[in-house]
>>> print(open('target.cif').read())   # mmCIF, C-alpha atoms and all ligand atoms
data_target
#
loop_
_atom_site.label_atom_id
_atom_site.label_comp_id
_atom_site.auth_asym_id
_atom_site.auth_seq_id
_atom_site.Cartn_x
_atom_site.Cartn_y
_atom_site.Cartn_z
CA MET A 1 117.02 98.53 133.72
CA ALA A 2 119.15 99.01 130.67
CA TYR A 3 116.53 100.68 128.59
CA ARG A 4 115.15 103.07 131.14
CA ARG A 5 114.23 106.08 129.13
CA ARG A 6 115.62 109.47 129.70
CA LYS A 7 113.59 112.53 129.59
CA PRO A 8 112.76 113.25 125.97
CA ARG A 9 114.31 116.36 124.64
CA ARG A 10 113.30 116.31 121.06
CA SER A 11 110.17 115.62 119.20
CA ALA A 12 109.91 112.99 116.55
CA ARG A 13 109.21 115.78 114.10
CA LYS A 14 112.64 117.16 114.67
CA ILE A 15 114.22 113.77 114.46
CA PHE A 16 112.55 113.00 111.20
CA ALA A 17 113.37 116.41 109.82
CA PHE A 18 116.92 116.04 110.91
CA THR A 19 117.28 112.55 109.59
CA LEU A 20 115.80 113.26 106.22
CA GLY A 21 117.37 116.63 105.80
CA PHE A 22 120.73 115.42 106.87
CA LEU A 23 120.60 112.43 104.61
CA GLY A 24 119.30 114.40 101.72
CA ILE A 25 121.95 117.06 101.82
CA VAL A 26 125.07 115.18 102.58
CA SER A 27 124.33 111.60 101.74
CA ALA A 28 126.88 111.56 98.96
CA ALA A 29 129.57 112.90 101.21
CA LEU A 30 128.57 110.56 104.00
CA LEU A 31 128.94 107.56 101.79
CA LEU A 32 132.59 108.44 101.56
CA LEU A 33 132.86 108.92 105.25
CA ILE A 34 131.03 105.85 106.30
CA HIS A 35 132.44 104.54 109.43
CA ASP A 36 131.16 101.82 111.55
CA MET A 37 129.61 103.22 114.65
CA GLY A 38 128.14 99.97 115.73
CA SER A 39 131.01 99.11 118.00
CA SER A 40 129.96 101.23 120.87
CA GLY A 41 126.68 99.42 121.20
CA SER A 42 127.98 95.91 121.16
CA HIS A 43 127.65 94.03 124.36
CA GLY A 44 129.49 90.89 125.02
CA ASP A 45 127.74 90.01 128.21
CA GLY A 46 124.41 88.47 128.83
CA SER A 47 121.88 87.02 126.52
CA LEU A 48 119.90 89.35 124.37
CA LEU A 49 116.94 87.09 124.71
CA GLU A 50 117.15 87.41 128.43
CA ASN A 51 117.57 91.11 128.10
CA THR A 52 114.78 91.30 125.62
CA ALA A 53 112.56 89.21 127.83
CA ARG A 54 113.33 91.43 130.76
CA ILE A 55 112.76 94.54 128.72
CA ALA A 56 109.57 93.05 127.42
CA ALA A 57 108.38 92.30 130.92
CA GLU A 58 109.25 95.78 132.08
CA ALA A 59 107.73 97.38 129.06
CA GLN A 60 104.63 95.31 129.37
CA ALA A 61 104.14 96.69 132.81
CA PHE A 62 104.26 100.14 131.38
CA MET A 63 102.54 99.24 128.19
CA GLU A 64 100.22 102.06 127.71
CA ARG A 65 99.61 103.59 124.39
CA THR A 66 100.28 107.29 124.29
CA PRO A 67 99.04 108.39 120.94
CA ALA A 68 101.48 110.96 119.73
CA PRO A 69 101.27 110.93 116.00
CA SER A 70 103.62 113.39 114.49
CA PRO A 71 104.24 114.58 110.98
CA SER A 72 106.66 112.26 109.33
CA PRO A 73 108.14 111.83 105.91
CA LEU A 74 107.91 108.12 106.32
CA HIS A 75 106.74 106.28 103.34
CA SER A 76 103.94 103.90 103.91
CA ILE A 77 103.57 100.87 101.82
CA GLU A 78 100.60 98.64 101.69
CA PRO A 79 101.59 95.20 102.83
CA SER A 80 99.64 92.72 100.80
CA ALA A 81 100.99 89.61 102.31
CA ALA A 82 102.64 88.20 105.36
CA PRO A 83 104.59 85.18 106.36
CA ALA A 84 102.89 82.37 108.14
CA ALA A 85 104.75 82.43 111.39
CA THR A 86 103.17 84.25 114.26
CA THR A 87 105.93 84.97 116.70
CA PRO A 88 107.32 88.38 117.45
CA GLU A 89 110.35 89.90 115.80
CA ALA A 90 112.85 88.85 118.37
CA THR A 91 111.60 85.29 118.52
CA PRO A 92 111.28 83.88 115.06
CA ALA A 93 110.93 80.35 116.26
CA PRO A 94 107.81 79.03 117.89
CA SER A 95 110.03 76.89 120.09
CA LEU A 96 111.42 79.90 121.85
CA SER A 97 109.41 81.58 124.49
CA MET A 98 109.89 84.98 125.96
CA ALA A 99 107.86 87.71 127.40
CA SER A 100 106.17 89.39 124.54
CA PRO A 101 104.13 92.47 124.33
CA THR A 102 100.44 92.01 124.41
CA PRO A 103 98.88 94.38 121.98
CA SER A 104 96.54 96.13 124.27
CA SER A 105 92.95 96.00 123.30
CA ALA A 106 92.45 98.83 125.73
CA SER A 107 94.68 101.00 123.63
CA PRO A 108 92.81 101.69 120.45
CA LEU A 109 94.83 102.93 117.55
CA PRO A 110 94.81 106.66 117.21
CA THR A 111 92.73 107.81 114.34
CA GLU A 112 93.53 111.48 114.42
CA SER A 113 96.33 113.27 112.62
CA PRO A 114 97.16 110.82 109.91
CA LEU A 115 100.66 111.10 108.60
CA PRO A 116 101.24 113.06 105.46
CA ILE A 117 101.92 110.65 102.71
CA GLU A 118 104.96 111.24 100.66
CA THR A 119 106.54 109.06 98.10
CA PRO A 120 110.25 109.35 98.60
CA MET A 121 110.85 106.02 96.95
CA PRO A 122 111.01 106.17 93.17
CA GLN A 123 107.98 104.34 91.95
CA GLU A 124 109.95 102.23 89.57
CA SER A 125 111.92 100.88 92.47
CA LEU A 126 108.79 99.44 93.96
CA SER A 127 106.91 98.60 90.84
CA HIS A 128 108.32 95.12 90.74
CA ALA A 129 107.35 94.37 94.30
CA HIS A 130 105.75 91.04 94.73
CA SER A 131 105.34 88.51 97.42
CA THR A 132 105.21 84.80 97.33
CA HIS A 133 102.93 84.64 100.32
CA SER A 134 99.22 84.65 100.29
CA ALA A 135 97.75 87.63 101.98
CA ASP A 136 96.97 87.10 105.63
CA VAL A 137 97.76 90.48 107.00
CA ALA A 138 95.52 93.37 107.74
CA SER A 139 95.70 96.19 105.27
CA GLU A 140 98.23 98.80 106.06
CA SER A 141 96.92 102.16 106.98
CA LEU A 142 98.56 105.27 108.29
CA GLU A 143 97.54 105.69 111.85
CA GLY A 144 100.45 107.66 113.15
CA PHE A 145 104.01 106.70 113.62
CA PRO A 146 104.80 106.55 117.32
CA ASP A 147 106.77 109.32 118.85
CA PHE A 148 110.42 108.32 118.94
CA SER A 149 111.22 110.74 121.70
CA ALA A 150 113.09 108.72 124.28
CA GLU A 151 116.83 109.09 124.22
CA LEU A 152 118.96 106.01 124.07
CA PRO A 153 122.69 106.60 124.31
CA LEU A 154 124.74 104.43 122.00
CA SER A 155 126.62 103.23 125.03
CA GLU A 156 123.42 101.56 126.18
CA VAL A 157 122.50 100.06 122.85
CA ILE A 158 122.52 96.32 122.59
CA ASP A 159 123.30 95.98 118.92
CA THR A 160 121.57 92.90 117.56
CA GLN A 161 123.51 93.24 114.29
CA TYR A 162 120.54 91.61 112.58
CA LEU A 163 120.67 94.21 109.81
CA LYS A 164 124.36 94.89 109.84
CA LEU A 165 125.52 95.19 106.27
CA VAL A 166 128.62 93.10 105.75
CA ASN A 167 129.98 92.57 102.27
CA ARG A 168 133.09 93.04 100.16
CA ASP A 169 132.97 96.76 100.77
CA ARG A 170 131.96 96.75 104.41
CA ALA A 171 133.94 94.93 107.01
CA ILE A 172 132.79 93.81 110.42
CA ALA A 173 134.49 96.39 112.54
CA VAL A 174 133.49 94.90 115.84
CA PRO A 175 134.57 91.58 117.28
CA VAL A 176 131.52 89.38 117.52
CA SER A 177 130.40 88.24 120.89
CA TYR A 178 130.64 84.51 121.28
CA THR A 179 128.21 84.36 124.14
CA ARG A 180 125.17 83.93 121.95
CA LEU A 181 126.51 81.20 119.73
CA MET A 182 124.96 77.80 120.11
CA THR A 183 126.00 74.47 118.76
CA ALA A 184 123.62 73.11 116.17
CA TRP A 185 121.06 71.30 118.21
CA PRO A 186 120.48 67.57 118.51
CA GLY A 187 118.08 66.25 115.95
CA VAL A 188 119.14 68.59 113.23
CA PRO A 189 122.10 67.21 111.39
CA ALA A 190 125.10 69.37 110.88
CA ARG A 191 128.24 68.68 108.96
CA THR A 192 130.18 68.55 112.16
CA THR A 193 129.21 68.91 115.77
CA TYR A 194 131.17 72.13 115.82
CA VAL A 195 128.85 74.20 113.71
CA THR A 196 127.70 77.05 115.89
CA VAL A 197 125.10 79.65 115.08
CA HIS A 198 123.78 82.77 116.79
CA GLU A 199 120.97 81.59 119.03
CA THR A 200 118.28 83.69 117.37
CA ALA A 201 119.34 82.62 113.90
CA LEU A 202 119.48 79.03 115.06
CA SER A 203 115.94 79.22 116.38
CA ALA A 204 114.83 80.56 113.03
CA VAL A 205 116.64 77.82 111.17
CA LYS A 206 115.15 75.21 113.43
CA ALA A 207 111.65 76.46 112.78
CA LEU A 208 112.39 76.61 109.07
CA PHE A 209 113.55 73.00 109.11
CA GLN A 210 110.41 71.94 110.91
CA ALA A 211 108.35 73.64 108.25
CA ALA A 212 110.42 71.98 105.56
CA GLN A 213 109.77 68.62 107.13
CA SER A 214 106.06 69.30 107.17
CA ALA A 215 106.24 70.25 103.51
CA ASP A 216 108.06 67.05 102.62
CA ILE A 217 111.16 68.89 101.63
CA GLY A 218 114.25 66.73 101.70
CA ASP A 219 116.38 66.51 104.80
CA LEU A 220 118.31 69.70 105.31
CA PHE A 221 121.34 70.40 107.39
CA VAL A 222 123.48 73.32 108.42
CA ALA A 223 126.79 72.96 106.64
CA SER A 224 128.31 76.13 107.98
CA GLY A 225 127.41 78.67 110.61
CA PHE A 226 129.64 80.92 112.62
CA ARG A 227 133.22 81.28 111.43
CA GLY A 228 136.03 82.96 113.23
CA THR A 229 138.37 85.28 111.41
CA GLU A 230 141.05 82.64 111.04
CA GLU A 231 138.65 80.13 109.56
CA GLN A 232 137.40 82.73 107.11
CA ARG A 233 140.94 83.69 106.21
CA THR A 234 141.85 80.07 105.49
CA LEU A 235 138.73 79.60 103.41
CA TYR A 236 139.38 82.72 101.43
CA TYR A 237 143.01 82.17 100.64
CA ASN A 238 142.46 78.51 99.79
CA ALA A 239 139.44 79.15 97.62
CA ALA A 240 139.81 78.32 93.96
CA ASP A 241 136.87 80.60 93.15
CA ARG A 242 136.58 83.67 95.32
CA SER A 243 133.32 84.75 93.79
CA TYR A 244 131.73 82.63 96.50
CA VAL A 245 134.01 83.57 99.35
CA LEU A 246 134.50 86.86 101.11
CA PRO A 247 137.73 88.05 102.67
CA PRO A 248 138.25 87.69 106.41
CA GLY A 249 136.35 90.39 108.25
CA HIS A 250 133.81 90.66 105.44
CA SER A 251 131.74 87.51 105.85
CA GLU A 252 128.32 87.36 107.47
CA HIS A 253 129.35 84.01 108.81
CA GLN A 254 131.57 85.90 111.20
CA LEU A 255 128.44 87.47 112.69
CA GLY A 256 127.02 84.05 113.44
CA LEU A 257 123.87 85.21 111.67
CA ALA A 258 124.42 83.33 108.42
CA VAL A 259 124.00 79.66 107.70
CA ASP A 260 124.73 77.52 104.71
CA ILE A 261 121.87 75.06 104.35
CA LEU A 262 122.40 71.95 102.29
CA ILE A 263 120.40 68.89 101.44
CA VAL A 264 121.54 65.69 103.07
CA GLY A 265 123.38 63.62 100.50
CA HIS A 266 123.93 66.56 98.18
CA GLY A 267 126.73 69.04 97.82
CA PHE A 268 126.87 72.74 97.08
CA SER A 269 127.10 72.16 93.35
CA ASN A 270 123.75 70.48 92.88
CA MET A 271 121.76 72.73 95.18
CA ALA A 272 120.89 75.26 92.48
CA GLY A 273 117.71 74.39 90.64
CA SER A 274 116.59 71.87 93.25
CA PRO A 275 113.06 71.94 94.64
CA GLU A 276 114.61 72.35 98.08
CA ALA A 277 116.44 75.51 97.02
CA ALA A 278 113.26 76.98 95.59
CA TRP A 279 111.30 76.09 98.71
CA LEU A 280 113.92 77.57 101.01
CA ALA A 281 114.14 80.84 99.11
CA ALA A 282 110.37 81.22 99.17
CA HIS A 283 109.76 80.25 102.79
CA ALA A 284 112.84 81.35 104.71
CA PRO A 285 111.64 84.97 104.99
CA ALA A 286 108.67 83.82 107.05
CA PHE A 287 111.22 82.84 109.66
CA GLY A 288 113.31 85.97 109.40
CA LEU A 289 115.90 84.51 107.06
CA ILE A 290 116.73 85.83 103.61
CA LEU A 291 118.41 84.29 100.63
CA ARG A 292 121.35 86.63 100.74
CA TYR A 293 122.91 86.10 97.33
CA PRO A 294 120.19 85.58 94.73
CA SER A 295 121.10 84.88 91.15
CA ASP A 296 119.75 88.16 89.79
CA LYS A 297 121.48 90.48 92.26
CA GLN A 298 125.10 89.45 91.86
CA HIS A 299 126.02 92.87 90.55
CA ILE A 300 124.87 94.32 93.86
CA THR A 301 125.97 91.68 96.33
CA GLN A 302 129.27 91.03 94.55
CA VAL A 303 128.83 87.40 95.44
CA ALA A 304 127.87 84.61 93.07
CA TYR A 305 124.47 82.94 93.40
CA GLU A 306 124.43 80.92 96.60
CA PRO A 307 121.16 79.02 96.99
CA TRP A 308 122.43 77.69 100.33
CA HIS A 309 123.37 80.90 102.12
CA PHE A 310 120.72 82.43 104.39
CA ARG A 311 121.10 85.41 106.67
CA TYR A 312 118.98 86.16 109.68
CA VAL A 313 117.56 89.69 109.62
CA GLY A 314 114.30 89.33 111.54
CA ARG A 315 110.81 88.62 110.30
CA ILE A 316 109.50 92.07 109.48
CA HIS A 317 112.65 92.91 107.57
CA ALA A 318 112.78 89.59 105.74
CA TRP A 319 109.14 89.99 104.84
CA TYR A 320 109.68 93.50 103.54
CA MET A 321 112.75 92.55 101.57
CA GLN A 322 110.97 89.63 99.98
CA LYS A 323 107.95 91.75 99.19
CA HIS A 324 110.08 94.28 97.37
CA LYS A 325 112.73 91.90 96.12
CA PHE A 326 115.43 93.79 97.95
CA VAL A 327 118.76 92.33 98.84
CA LEU A 328 120.21 93.68 102.06
CA GLU A 329 122.23 96.33 100.26
CA GLU A 330 119.10 97.67 98.57
CA TYR A 331 117.06 97.46 101.74
CA ILE A 332 119.51 99.48 103.80
CA GLU A 333 119.75 102.07 101.06
CA TYR A 334 115.98 102.19 100.88
CA LEU A 335 115.71 102.79 104.62
CA GLN A 336 118.42 105.42 104.49
CA HIS A 337 116.54 107.35 101.87
CA ASN A 338 113.02 106.88 103.14
CA GLY A 339 113.59 106.92 106.86
CA GLY A 340 111.52 103.85 107.51
CA PHE A 341 108.10 102.34 107.23
CA GLN A 342 105.37 100.78 109.26
CA ALA A 343 103.58 97.60 108.50
CA VAL A 344 101.29 95.06 110.06
CA LEU A 345 102.50 91.52 110.04
CA ASP A 346 100.34 88.79 111.53
CA GLY A 347 98.44 91.28 113.61
CA ARG A 348 101.52 92.94 115.02
CA ARG A 349 102.33 96.46 113.96
CA TYR A 350 105.97 97.21 113.31
CA TYR A 351 107.67 100.56 113.06
CA VAL A 352 111.04 100.58 111.37
CA LEU A 353 113.13 103.70 111.53
CA TYR A 354 116.61 104.38 110.22
CA GLN A 355 118.55 106.92 112.22
CA ARG A 356 121.93 108.47 112.43
CA PRO A 357 122.92 109.05 116.02
CA GLU A 358 122.91 112.65 117.05
CA ASN A 359 125.63 113.35 119.59
CA GLY A 360 125.74 109.68 120.42
CA ILE A 361 122.00 109.49 120.98
CA LEU A 362 119.39 107.39 119.27
CA PHE A 363 115.71 108.06 119.64
CA VAL A 364 113.38 105.27 120.46
CA PRO A 365 109.70 105.00 121.28
CA GLU A 366 108.81 105.55 124.89
CA TYR A 367 106.37 102.73 125.45
CA LEU A 368 107.06 100.21 122.76
CA LEU A 369 109.30 97.21 122.58
CA PHE A 370 112.10 97.61 120.15
CA ASN A 371 115.47 96.38 119.13
CA VAL A 372 118.38 98.15 117.52
CA SER A 373 120.78 97.06 114.84
CA SER A 374 123.65 98.99 113.42
CA ALA A 375 123.47 99.13 109.65
CA ASN A 376 127.24 99.44 109.33
CA THR A 377 126.65 102.66 107.43
CA GLY A 378 126.95 105.04 110.34
CA GLY A 379 123.24 104.62 110.96
CA TYR A 380 121.07 102.40 113.08
CA ILE A 381 117.78 100.73 112.45
CA VAL A 382 115.29 100.76 115.28
CA THR A 383 112.56 98.18 114.98
CA ALA A 384 109.66 98.74 117.32
CA TRP A 385 106.45 96.80 117.58
CA ARG A 386 103.23 96.44 119.45
ZN ZN B 1 127.52 81.08 103.43
#
>>> encode(input="target.cif", output="structure tokens", more="lines below")
Ligand SMILES: [Zn+2]
Amino acid sequence: MAYRRRKPRRSARKIFAFTLGFLGIVSAALLLLIHDMGSSGSHGDGSLLENTARIAAEAQAFMERTPAPSPSPLHSIEPSAAPAATTPEATPAPSLSMASPTPSSASPLPTESPLPIETPMPQESLSHAHSTHSADVASESLEGFPDFSAELPLSEVIDTQYLKLVNRDRAIAVPVSYTRLMTAWPGVPARTTYVTVHETALSAVKALFQAAQSADIGDLFVASGFRGTEEQRTLYYNAADRSYVLPPGHSEHQLGLAVDILIVGHGFSNMAGSPEAAWLAAHAPAFGLILRYPSDKQHITQVAYEPWHFRYVGRIHAWYMQKHKFVLEEYIEYLQHNGGFQAVLDGRRYYVLYQRPENGILFVPEYLLFNVSSANTGGYIVTAWR
């Protein structure tokens, strides 16, 4: 039982205080000292879905709400909209099945001790927040962040890497496990039969394609998925224009979590401005995929506008990023500064918490399902839900 909790030693209050205080005081210095700590949590064996399913099954058995609201500096933001999909975070595609937590109707939400509301995020940073989705989510309200009091040693972390920041400045420090790569499936055309994609990302893409088909969007295909270091190196050094290509070790494609989606019969050059590109950018977040290099964020991403490149991050994160028009760089920075947030998406409540490990220990909720992704900033993002 990989995620068997150890006896809690610290309260969430202390964690939050530590996290915020620590970040506040030395964040500038830390930025210079950023070092990938995600390596220790990477597992090359087993399927995360299997693990997640097993964890889910185990957790479900123990699923019992223990209301332990604690003071938190977390910033709460009113979600006004939600994507259409209804599957849990770890299973973006309806076609995948796994044990999932059943929000217990016997566990009413705690109503006591609402969290103090602070506004650590500069208002102007959020003032432009919009969403392209119609509202179908319950209003957000502060009902108490769960107690992240269970210790999880980094050595036991299965790092999903869903939120791992990889760009020109941040290299992938850890060799990517190949065990979760899948060949693009039959029925969905790929450029070659050798395009492989991380299984979770592939499920998301598959569901996205199905939705595209229903919406009468032109035939789409995955032109590129996982790339090994050598392939990326060849691409980079042969590229006439490197504004679209990242150096080896710096491409999300090497995570297996990025796909280049093209329209059948069309090339990269005539993707921009197409109805398909607009549809994909608007709807991909509902499946946990984000348009990674939008046209108006090139100064942040350091990559030219790529209407074809989508990165899997998970539904709650994609939803939040779309809502606030964050690219991944901005989102990670936001989480670093604010600690996290909670939101309800399609009836499921998510708790997102950014943490720096303390003595090799992360803190996770005792009785909630969660996953962990390194941010590639020295911190980790724990996503819990119920
Ligand atoms: Zn790409």
>>> atom_distance(input="target.cif", atom1="atom CA of His198 of chain A", atom2="atom CA of Glu329 of chain A")
21.4 Å
>>> closest_residue(input="target.cif", among="A:Trp279, A:Phe287, A:Tyr305, A:Phe310", to="ligand ZN 1 (chain B)", atoms="only C-alpha atoms and all ligand atoms")
A:Phe310
>>> closest_atom_pairs(input="target.cif", of="chain A", to="ligand ZN 1 (chain B)", cutoff="9 Å", atoms="only C-alpha atoms and all ligand atoms", output="CSV")
residue,atom,partner,partner_atom,distance
A:Ala223,CA,B:ZN1,ZN,8.8
A:Ser224,CA,B:ZN1,ZN,6.8
A:Gly225,CA,B:ZN1,ZN,7.6
A:Tyr244,CA,B:ZN1,ZN,8.3
A:Val245,CA,B:ZN1,ZN,8.1
A:Ser251,CA,B:ZN1,ZN,8.1
A:Glu252,CA,B:ZN1,ZN,7.5
A:His253,CA,B:ZN1,ZN,6.4
A:Ala258,CA,B:ZN1,ZN,6.3
A:Val259,CA,B:ZN1,ZN,5.7
A:Asp260,CA,B:ZN1,ZN,4.7
A:Ile261,CA,B:ZN1,ZN,8.3
A:Arg292,CA,B:ZN1,ZN,8.7
A:Glu306,CA,B:ZN1,ZN,7.5
A:Trp308,CA,B:ZN1,ZN,6.9
A:His309,CA,B:ZN1,ZN,4.4
A:Phe310,CA,B:ZN1,ZN,7.0
A:Arg311,CA,B:ZN1,ZN,8.4
>>> write_last_selection(input="target.cif", atoms="C-alpha atoms", output="PDB file, keeping the file's coordinate frame")
ATOM      1  CA  ALA A 223     126.790  72.960 106.640  1.00  0.00           C
ATOM      2  CA  SER A 224     128.310  76.130 107.980  1.00  0.00           C
ATOM      3  CA  GLY A 225     127.410  78.670 110.610  1.00  0.00           C
ATOM      4  CA  TYR A 244     131.730  82.630  96.500  1.00  0.00           C
ATOM      5  CA  VAL A 245     134.010  83.570  99.350  1.00  0.00           C
ATOM      6  CA  SER A 251     131.740  87.510 105.850  1.00  0.00           C
ATOM      7  CA  GLU A 252     128.320  87.360 107.470  1.00  0.00           C
ATOM      8  CA  HIS A 253     129.350  84.010 108.810  1.00  0.00           C
ATOM      9  CA  ALA A 258     124.420  83.330 108.420  1.00  0.00           C
ATOM     10  CA  VAL A 259     124.000  79.660 107.700  1.00  0.00           C
ATOM     11  CA  ASP A 260     124.730  77.520 104.710  1.00  0.00           C
ATOM     12  CA  ILE A 261     121.870  75.060 104.350  1.00  0.00           C
ATOM     13  CA  ARG A 292     121.350  86.630 100.740  1.00  0.00           C
ATOM     14  CA  GLU A 306     124.430  80.920  96.600  1.00  0.00           C
ATOM     15  CA  TRP A 308     122.430  77.690 100.330  1.00  0.00           C
ATOM     16  CA  HIS A 309     123.370  80.900 102.120  1.00  0.00           C
ATOM     17  CA  PHE A 310     120.720  82.430 104.390  1.00  0.00           C
ATOM     18  CA  ARG A 311     121.100  85.410 106.670  1.00  0.00           C
TER      19      ARG A 311
END
>>> atom_distance(input="target.cif", atom1="atom CA of Ala282 of chain A", atom2="atom CA of Lys206 of chain A")
16.2 Å
>>> atom_distance(input="target.cif", atom1="atom CA of Phe370 of chain A", atom2="atom CA of Arg170 of chain A")
25.4 Å
>>> residues_near_point(input="target.cif", point="(123.7, 93.8, 114.8)", cutoff="8 Å", atoms="all atoms listed in the file", output="list in words")
Gly38, Ser42, Asp159, Thr160, Gln161, Tyr162, Leu163, Lys164, Val372, Ser373, Ser374 and Ala375 of chain A
>>> write_last_selection(input="target.cif", atoms="C-alpha atoms", output="CSV table (one decimal), in the coordinates of the input")
chain,number,residue,atom,x,y,z
A,38,GLY,CA,128.1,100.0,115.7
A,42,SER,CA,128.0,95.9,121.2
A,159,ASP,CA,123.3,96.0,118.9
A,160,THR,CA,121.6,92.9,117.6
A,161,GLN,CA,123.5,93.2,114.3
A,162,TYR,CA,120.5,91.6,112.6
A,163,LEU,CA,120.7,94.2,109.8
A,164,LYS,CA,124.4,94.9,109.8
A,372,VAL,CA,118.4,98.2,117.5
A,373,SER,CA,120.8,97.1,114.8
A,374,SER,CA,123.6,99.0,113.4
A,375,ALA,CA,123.5,99.1,109.6
>>> closest_residue(input="target.cif", among="A:Pro275, A:Tyr350, A:Val174, A:Val313", to="Gly288 of chain A", atoms="all atoms listed in the file")
A:Val313
>>> closest_residue(input="target.cif", among="A:Gln355, A:Ser274, A:Thr234, A:Thr183", to="His337 of chain A", atoms="only C-alpha atoms")
A:Gln355
>>> closest_residue(input="target.cif", among="A:Met321, A:Val197, A:Val157, A:Leu280", to="Gln213 of chain A", atoms="all atoms listed in the file")
A:Leu280
>>> decode(input="target.cif", residues="segment 315-330 of chain A", atoms="C-alpha atoms", output="CSV table (one decimal), in the first residue's frame")
chain,number,residue,atom,x,y,z
A,315,ARG,CA,-8.8,18.9,-15.8
A,316,ILE,CA,-9.0,21.0,-12.7
A,317,HIS,CA,-5.7,22.7,-13.6
A,318,ALA,CA,-6.6,23.2,-17.3
A,319,TRP,CA,-9.9,24.6,-16.2
A,320,TYR,CA,-8.3,27.0,-13.8
A,321,MET,CA,-5.7,28.1,-16.3
A,322,GLN,CA,-8.3,28.8,-18.9
A,323,LYS,CA,-10.4,30.6,-16.5
A,324,HIS,CA,-7.6,33.0,-15.6
A,325,LYS,CA,-5.8,32.9,-18.9
A,326,PHE,CA,-2.7,31.5,-17.4
A,327,VAL,CA,0.0,29.8,-19.3
A,328,LEU,CA,1.7,27.1,-17.3
A,329,GLU,CA,4.5,29.4,-16.2
A,330,GLU,CA,2.0,31.9,-14.8
